[in-house]
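Visitor: Input final35.cif, format and content: mmCIF, C-alpha atoms.
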```cif
data_data
#
loop_
_atom_site.label_atom_id
_atom_site.label_comp_id
_atom_site.auth_asym_id
_atom_site.auth_seq_id
_atom_site.Cartn_x
_atom_site.Cartn_y
_atom_site.Cartn_z
CA ASN A 1 17.67 8.11 3.17
CA SER A 2 14.98 10.44 4.49
CA THR A 3 13.49 10.91 1.01
CA ILE A 4 12.33 7.31 0.68
CA TRP A 5 8.53 7.49 0.64
CA LYS A 6 8.81 10.53 2.96
CA ILE A 7 9.02 8.22 5.99
CA GLY A 8 12.74 7.43 5.84
CA GLY A 9 14.68 4.25 5.24
CA PHE A 10 14.24 2.84 8.76
CA TRP A 11 10.44 2.77 8.77
CA THR A 12 10.41 1.50 5.19
CA SER A 13 12.62 -1.41 6.27
CA ILE A 14 10.29 -2.11 9.21
CA LEU A 15 7.46 -2.29 6.68
CA GLY A 16 9.41 -5.10 5.03
CA PHE A 17 9.41 -7.12 8.24
CA ILE A 18 5.67 -6.51 8.61
CA CYS A 19 5.08 -7.78 5.07
CA LEU A 20 7.15 -10.89 5.79
CA TRP A 21 5.22 -11.62 8.97
CA VAL A 22 1.82 -11.06 7.36
CA GLY A 23 2.84 -13.30 4.46
CA ILE A 24 3.82 -16.07 6.91
CA PHE A 25 0.53 -15.72 8.77
CA VAL A 26 -1.61 -15.80 5.60
CA SER A 27 0.31 -18.77 4.21
CA HIS A 28 -0.09 -20.61 7.50
CA GLN A 29 -3.83 -20.05 7.38
CA LEU A 30 -4.07 -21.35 3.82
CA ASP A 31 -1.50 -24.17 3.91
CA GLY A 32 -0.41 -24.53 7.50
CA ASP A 33 0.45 -28.23 7.18
CA GLN A 34 2.56 -28.05 4.04
CA HIS A 35 6.14 -27.15 3.14
CA TRP A 36 7.29 -23.71 2.00
CA ASP A 37 8.30 -24.60 -1.54
CA CYS A 38 6.87 -24.43 -5.03
CA GLY A 39 7.21 -28.11 -5.83
CA ASP A 40 5.35 -31.10 -4.47
CA ARG A 41 3.53 -30.26 -1.27
CA ILE A 42 4.38 -32.55 1.61
CA ASP A 43 2.12 -32.96 4.61
CA LYS A 44 3.68 -32.20 7.93
CA SER A 45 1.68 -33.60 10.83
CA THR A 46 3.91 -31.97 13.43
CA ARG A 47 2.68 -28.48 12.48
CA SER A 48 -0.38 -27.11 14.17
CA ARG A 49 -2.68 -24.67 12.39
CA VAL A 50 -2.69 -21.21 13.89
CA THR A 51 -6.17 -19.73 14.02
CA THR A 52 -5.63 -16.37 15.69
CA PHE A 53 -2.88 -13.79 15.99
CA SER A 54 -2.77 -14.30 19.75
CA THR A 55 -2.02 -18.01 19.39
CA LEU A 56 0.64 -17.21 16.82
CA PHE A 57 2.47 -14.86 19.15
CA GLU A 58 2.07 -17.20 22.13
CA ARG A 59 3.63 -20.07 20.23
CA LEU A 60 6.14 -17.99 18.25
CA SER A 61 9.17 -20.08 19.16
CA LYS A 62 7.54 -23.42 18.35
CA ASN A 63 5.99 -22.29 15.08
CA THR A 64 9.20 -20.64 13.89
CA MET A 65 11.15 -23.83 14.52
CA ALA A 66 8.49 -25.93 12.77
CA TYR A 67 8.54 -23.68 9.69
CA TRP A 68 12.32 -23.46 9.57
CA THR A 69 13.36 -27.10 9.91
CA ASP A 70 12.12 -30.61 9.49
CA SER A 71 11.16 -32.91 12.34
CA ASP A 72 14.76 -34.06 12.85
CA LEU A 73 16.04 -30.46 13.04
CA ASP A 74 19.07 -31.40 10.97
CA ARG A 75 18.64 -29.42 7.75
CA PHE A 76 16.84 -26.48 6.21
CA THR A 77 13.70 -27.53 4.37
CA GLU A 78 12.01 -24.18 3.72
CA PRO A 79 13.89 -22.57 0.80
CA LEU A 80 11.11 -20.09 -0.03
CA LEU A 81 10.84 -18.82 3.54
CA THR A 82 14.63 -18.64 3.83
CA PHE A 83 14.83 -16.62 0.61
CA LYS A 84 12.10 -14.24 1.78
CA LEU A 85 14.00 -13.68 4.99
CA PHE A 86 17.14 -12.95 2.94
CA ILE A 87 15.27 -10.31 0.87
CA THR A 88 13.90 -8.74 4.06
CA LEU A 89 17.35 -8.49 5.64
CA LEU A 90 18.90 -7.22 2.38
CA LEU A 91 16.36 -4.38 2.26
CA PHE A 92 16.98 -3.65 5.94
CA ILE A 93 20.73 -3.33 5.31
CA GLU A 94 20.29 -1.22 2.16
CA LEU A 95 17.62 1.10 3.56
CA ASN A 96 19.52 1.78 6.78
CA ILE A 97 22.91 2.22 5.06
CA ILE A 98 24.44 -0.37 7.35
CA MET A 99 27.11 -1.16 4.75
CA ALA A 100 28.63 2.34 5.18
CA PRO A 101 31.19 3.50 4.18
CA GLU A 102 30.36 1.33 1.19
CA GLN A 103 27.68 2.68 -1.15
CA SER A 104 24.06 1.54 -0.98
CA ILE A 105 22.54 0.49 -4.30
CA LEU A 106 19.23 2.12 -3.36
CA THR A 107 20.90 5.56 -3.19
CA ALA A 108 21.57 5.74 -6.94
CA ALA A 109 19.17 8.68 -7.37
CA GLU A 110 20.89 10.69 -4.63
CA VAL A 111 24.34 9.87 -6.08
CA ILE A 112 23.31 11.22 -9.49
CA SER A 113 21.90 14.35 -7.86
CA MET A 114 25.11 14.96 -5.85
CA ASN A 115 27.24 14.64 -9.01
CA GLY A 116 25.22 17.30 -10.81
CA GLY A 117 24.30 15.20 -13.83
CA LYS A 118 27.87 14.18 -14.66
CA TYR A 119 28.79 10.70 -15.81
CA PRO A 120 31.29 8.79 -13.65
CA TYR A 121 34.95 8.94 -14.56
CA LYS A 122 35.60 6.28 -17.19
CA LYS A 123 37.90 3.55 -15.95
CA LYS A 124 39.88 1.20 -18.12
CA HIS A 125 38.43 -2.31 -18.48
CA VAL A 126 35.10 -1.14 -16.95
CA TYR A 127 32.10 -0.84 -19.26
CA ALA A 128 30.29 2.51 -19.11
CA TRP A 129 26.97 1.15 -17.85
CA ALA A 130 25.85 4.53 -16.53
CA LYS A 131 26.15 6.12 -19.96
CA LEU A 132 24.29 3.23 -21.57
CA LEU A 133 21.46 3.13 -19.02
CA MET A 134 21.14 6.93 -18.69
CA PRO A 135 21.59 8.31 -22.21
CA HIS A 136 21.95 12.08 -22.69
CA LEU A 137 22.40 12.79 -18.96
CA SER A 138 23.30 16.44 -18.36
CA LYS A 139 22.86 19.27 -15.86
CA VAL A 140 19.70 20.29 -17.72
CA ASN A 141 17.81 17.02 -17.27
CA VAL A 142 19.43 15.67 -14.09
CA ALA A 143 16.26 16.38 -12.08
CA GLU A 144 14.23 14.22 -14.47
CA TRP A 145 16.68 11.34 -14.16
CA VAL A 146 16.71 11.60 -10.39
CA GLN A 147 12.92 11.43 -10.33
CA LEU A 148 12.96 8.42 -12.67
CA LEU A 149 15.49 6.58 -10.49
CA GLN A 150 13.38 7.30 -7.41
CA GLN A 151 10.36 5.83 -9.20
CA ILE A 152 12.36 2.74 -10.13
CA ARG A 153 13.37 2.41 -6.47
CA SER A 154 9.70 2.58 -5.50
CA VAL A 155 8.90 -0.14 -8.03
CA LEU A 156 11.68 -2.26 -6.50
CA LEU A 157 10.35 -1.83 -2.97
CA CYS A 158 6.72 -2.44 -3.93
CA SER A 159 7.62 -5.54 -5.95
CA TRP A 160 9.68 -7.12 -3.18
CA PHE A 161 7.13 -6.21 -0.50
CA LEU A 162 4.47 -7.94 -2.61
CA PHE A 163 6.82 -10.91 -2.96
CA LEU A 164 6.98 -11.11 0.84
CA LEU A 165 3.18 -10.87 1.10
CA VAL A 166 2.21 -13.40 -1.59
CA PRO A 167 1.17 -16.75 -0.03
CA LYS A 168 3.30 -19.74 -0.85
CA ARG A 169 0.55 -21.38 -2.91
CA HIS A 170 0.84 -18.53 -5.46
CA CYS A 171 4.49 -19.15 -6.31
CA TYR A 172 4.25 -17.91 -9.89
CA LEU A 173 2.85 -14.54 -8.81
CA GLY A 174 5.56 -14.28 -6.17
CA GLY A 175 8.18 -15.14 -8.78
CA ILE A 176 6.98 -12.33 -11.04
CA CYS A 177 7.09 -9.83 -8.16
CA TYR A 178 10.61 -10.91 -7.24
CA THR A 179 11.83 -10.74 -10.86
CA VAL A 180 10.53 -7.20 -11.37
CA GLY A 181 12.27 -6.10 -8.17
CA ALA A 182 15.49 -7.90 -9.11
CA ILE A 183 15.62 -6.15 -12.50
CA ALA A 184 15.11 -2.78 -10.81
CA TYR A 185 17.81 -3.62 -8.24
CA ALA A 186 20.27 -4.58 -10.98
CA TYR A 187 19.47 -1.40 -12.93
CA LEU A 188 20.14 0.84 -9.93
CA GLY A 189 23.27 -1.12 -9.08
CA CYS A 190 24.75 -0.85 -12.57
CA ILE A 191 24.32 2.93 -12.39
CA GLY A 192 25.11 3.80 -8.78
CA LEU A 193 28.14 1.58 -8.28
CA GLN A 194 29.83 3.10 -11.35
CA TYR A 195 30.47 6.19 -9.23
CA ASN A 196 32.35 4.19 -6.58
CA LEU A 197 34.28 1.35 -8.20
CA ALA A 198 36.86 1.12 -5.41
CA HIS A 199 36.14 0.07 -1.83
CA SER A 200 35.82 3.24 0.21
CA THR A 201 38.16 1.95 2.90
CA GLN A 202 40.70 0.49 0.47
CA GLY A 203 40.59 2.79 -2.54
CA LYS A 204 43.52 4.98 -1.48
CA THR A 205 46.31 2.72 -0.32
CA LYS A 206 49.97 3.65 -0.55
CA ARG A 207 52.48 1.51 -2.33
CA VAL A 208 55.17 0.17 -0.05
CA ARG A 209 58.56 -0.63 -1.52
CA GLN A 210 60.22 -3.71 -0.20
#
```
Let me see the structure of the file written as structure tokens.

Guide:
Amino acid sequence: NSTIWKIGGFWTSILGFICLWVGIFVSHQLDGDQHWDCGDRIDKSTRSRVTTFSTLFERLSKNTMAYWTDSDLDRFTEPLLTFKLFITLLLFIELNIIMAPEQSILTAAEVISMNGGKYPYKKKHVYAWAKLLMPHLSKVNVAEWVQLLQQIRSVLLCSWFLFLLVPKRHCYLGGICYTVGAIAYAYLGCIGLQYNLAHSTQGKTKRVRQ
């Protein structure tokens, strides 16, 4: 956790919230009266344009409600903003290991290092993704693989932070940033989770005869 960008997982997760907030502010400046989606842009007369940071903070409650819902307050109408909030919270949970004792996907590099370059025990009916995605892993080159996985984690974080920063009018650029991060997330997950296929709190249960 402390090895992530040398500032630790907590401050890295806070950076995610900053990126989300800056992205909201920039998008509001560019398209403050339009919906947060990539389809047809719909005017929304009830939204007021925020011109300064001070006004944004003063009217935080009102602006958040206006962005989050429609005028009737009966349904979510901002799928892009909702998804960005989901990514921000996902990174916060992963970077702070809140899912413990379950394994964090972002700790794949540390898991490989702790296992000394050994492949996970092969289970029946489970494909050996780790062996496929990390060919020729051994004690000799484990340091190289750990460094590579750390770089992939950095690519994931940078891509998703850019996704949070990209204004809503540049949906295609945001989509590319998200896709790159999602591929990196899936890659780390397919490797790291192979070392812990059972739930940590349920993996060792005793059979009870009736």

Visitor: Give me the result of the PyMOL selection byres ((chain A and resi 163) around 8) on this file, residue by residue, as a list in words.

Guide: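 On this input, the PyMOL selection byres ((chain A and resi 163) around 8) captures Lys84, Ser159, Trp160, Phe161, Leu162, Leu164, Leu165, Val166, Leu173, Gly174, Gly175, Cys177 and Tyr178 of chain A.
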
Visitor: Give as a PyMOL selection string every residue, naming chains and numbers as the document does, that has an atom within 12 Å of (22.4, -6.4, -1.0), counting only C-alpha atoms.

Guide: chain A and resi 86-99+102-106+182+185-186+188-189

Visitor: Store the residues picked out above in a file with C-alpha atoms, as a CSV table (one decimal), in the coordinates of the input.

Guide:
```
chain,number,residue,atom,x,y,z
A,86,PHE,CA,17.1,-13.0,2.9
A,87,ILE,CA,15.3,-10.3,0.9
A,88,THR,CA,13.9,-8.7,4.1
A,89,LEU,CA,17.4,-8.5,5.6
A,90,LEU,CA,18.9,-7.2,2.4
A,91,LEU,CA,16.4,-4.4,2.3
A,92,PHE,CA,17.0,-3.6,5.9
A,93,ILE,CA,20.7,-3.3,5.3
A,94,GLU,CA,20.3,-1.2,2.2
A,95,LEU,CA,17.6,1.1,3.6
A,96,ASN,CA,19.5,1.8,6.8
A,97,ILE,CA,22.9,2.2,5.1
A,98,ILE,CA,24.4,-0.4,7.4
A,99,MET,CA,27.1,-1.2,4.8
A,102,GLU,CA,30.4,1.3,1.2
A,103,GLN,CA,27.7,2.7,-1.2
A,104,SER,CA,24.1,1.5,-1.0
A,105,ILE,CA,22.5,0.5,-4.3
A,106,LEU,CA,19.2,2.1,-3.4
A,182,ALA,CA,15.5,-7.9,-9.1
A,185,TYR,CA,17.8,-3.6,-8.2
A,186,ALA,CA,20.3,-4.6,-11.0
A,188,LEU,CA,20.1,0.8,-9.9
A,189,GLY,CA,23.3,-1.1,-9.1
```

Visitor: When the PyMOL selection byres ((chain A and resi 142) around 9) is applied to the structure above, which residues does it catch, written out as a ChimeraX atom specification?

Guide: /A:112-113,116-118,137-141,143-147

Visitor: Find, counting all atoms listed in the file, the residue in A:Asn196, A:Leu156, A:Pro135, A:Leu30 that gets nearest to A:Arg169.

Guide: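 Result for the nearest residue to A:Arg169: A:Leu30.
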
Visitor: Check the smallest atom-to-atom distance from each of A:Trp11, A:Phe83, A:Tyr195, A:Tyr187 to A:Met134 using only C-alpha atoms, then report the winner.

Guide: A:Tyr187

Visitor: Report, in Å to a single decimal, how far apart atom CA of A:Gly8 and atom CA of A:Leu20 are.

Guide: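 Distance reported for this atom pair: 19.2 Å.
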
Visitor: Atom CA of A:Ile176 to atom CA of A:Gln194: how many Å, to one decimal?

Guide: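 The value is 27.6 Å.
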
Visitor: Find the distance between atom CA of A:Ile18 and atom CA of A:Val180 and write it in Å to one decimal.

Guide: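 Atom-to-atom, atom CA of A:Ile18 to atom CA of A:Val180, that is 20.6 Å.
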
Visitor: For a quick check of understanding, using all atoms listed in the file, which of A:Leu15, A:Cys171, A:Val126, A:Leu157 has the smallest distance to A:Leu80?

Guide: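 Selected residue with least distance to A:Leu80: A:Cys171.
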
Visitor: Find the smallest box with edges along x, y and z containing every listed atom of stretch 162-176 of chain A, then add 8 Å on each side and report centre and edge lengths in Å to one decimal, as lines of an AutoDock Vina configuration file.

Guide:
```
center_x = 4.4
center_y = -14.7
center_z = -5.0
size_x = 23.6
size_y = 29.4
size_z = 28.1
```

Visitor: Between A:Leu149, A:Ala108, A:Ile14, A:Cys190, which one has atoms that come closest to A:Lys131, using all atoms listed in the file?

Guide: A:Cys190
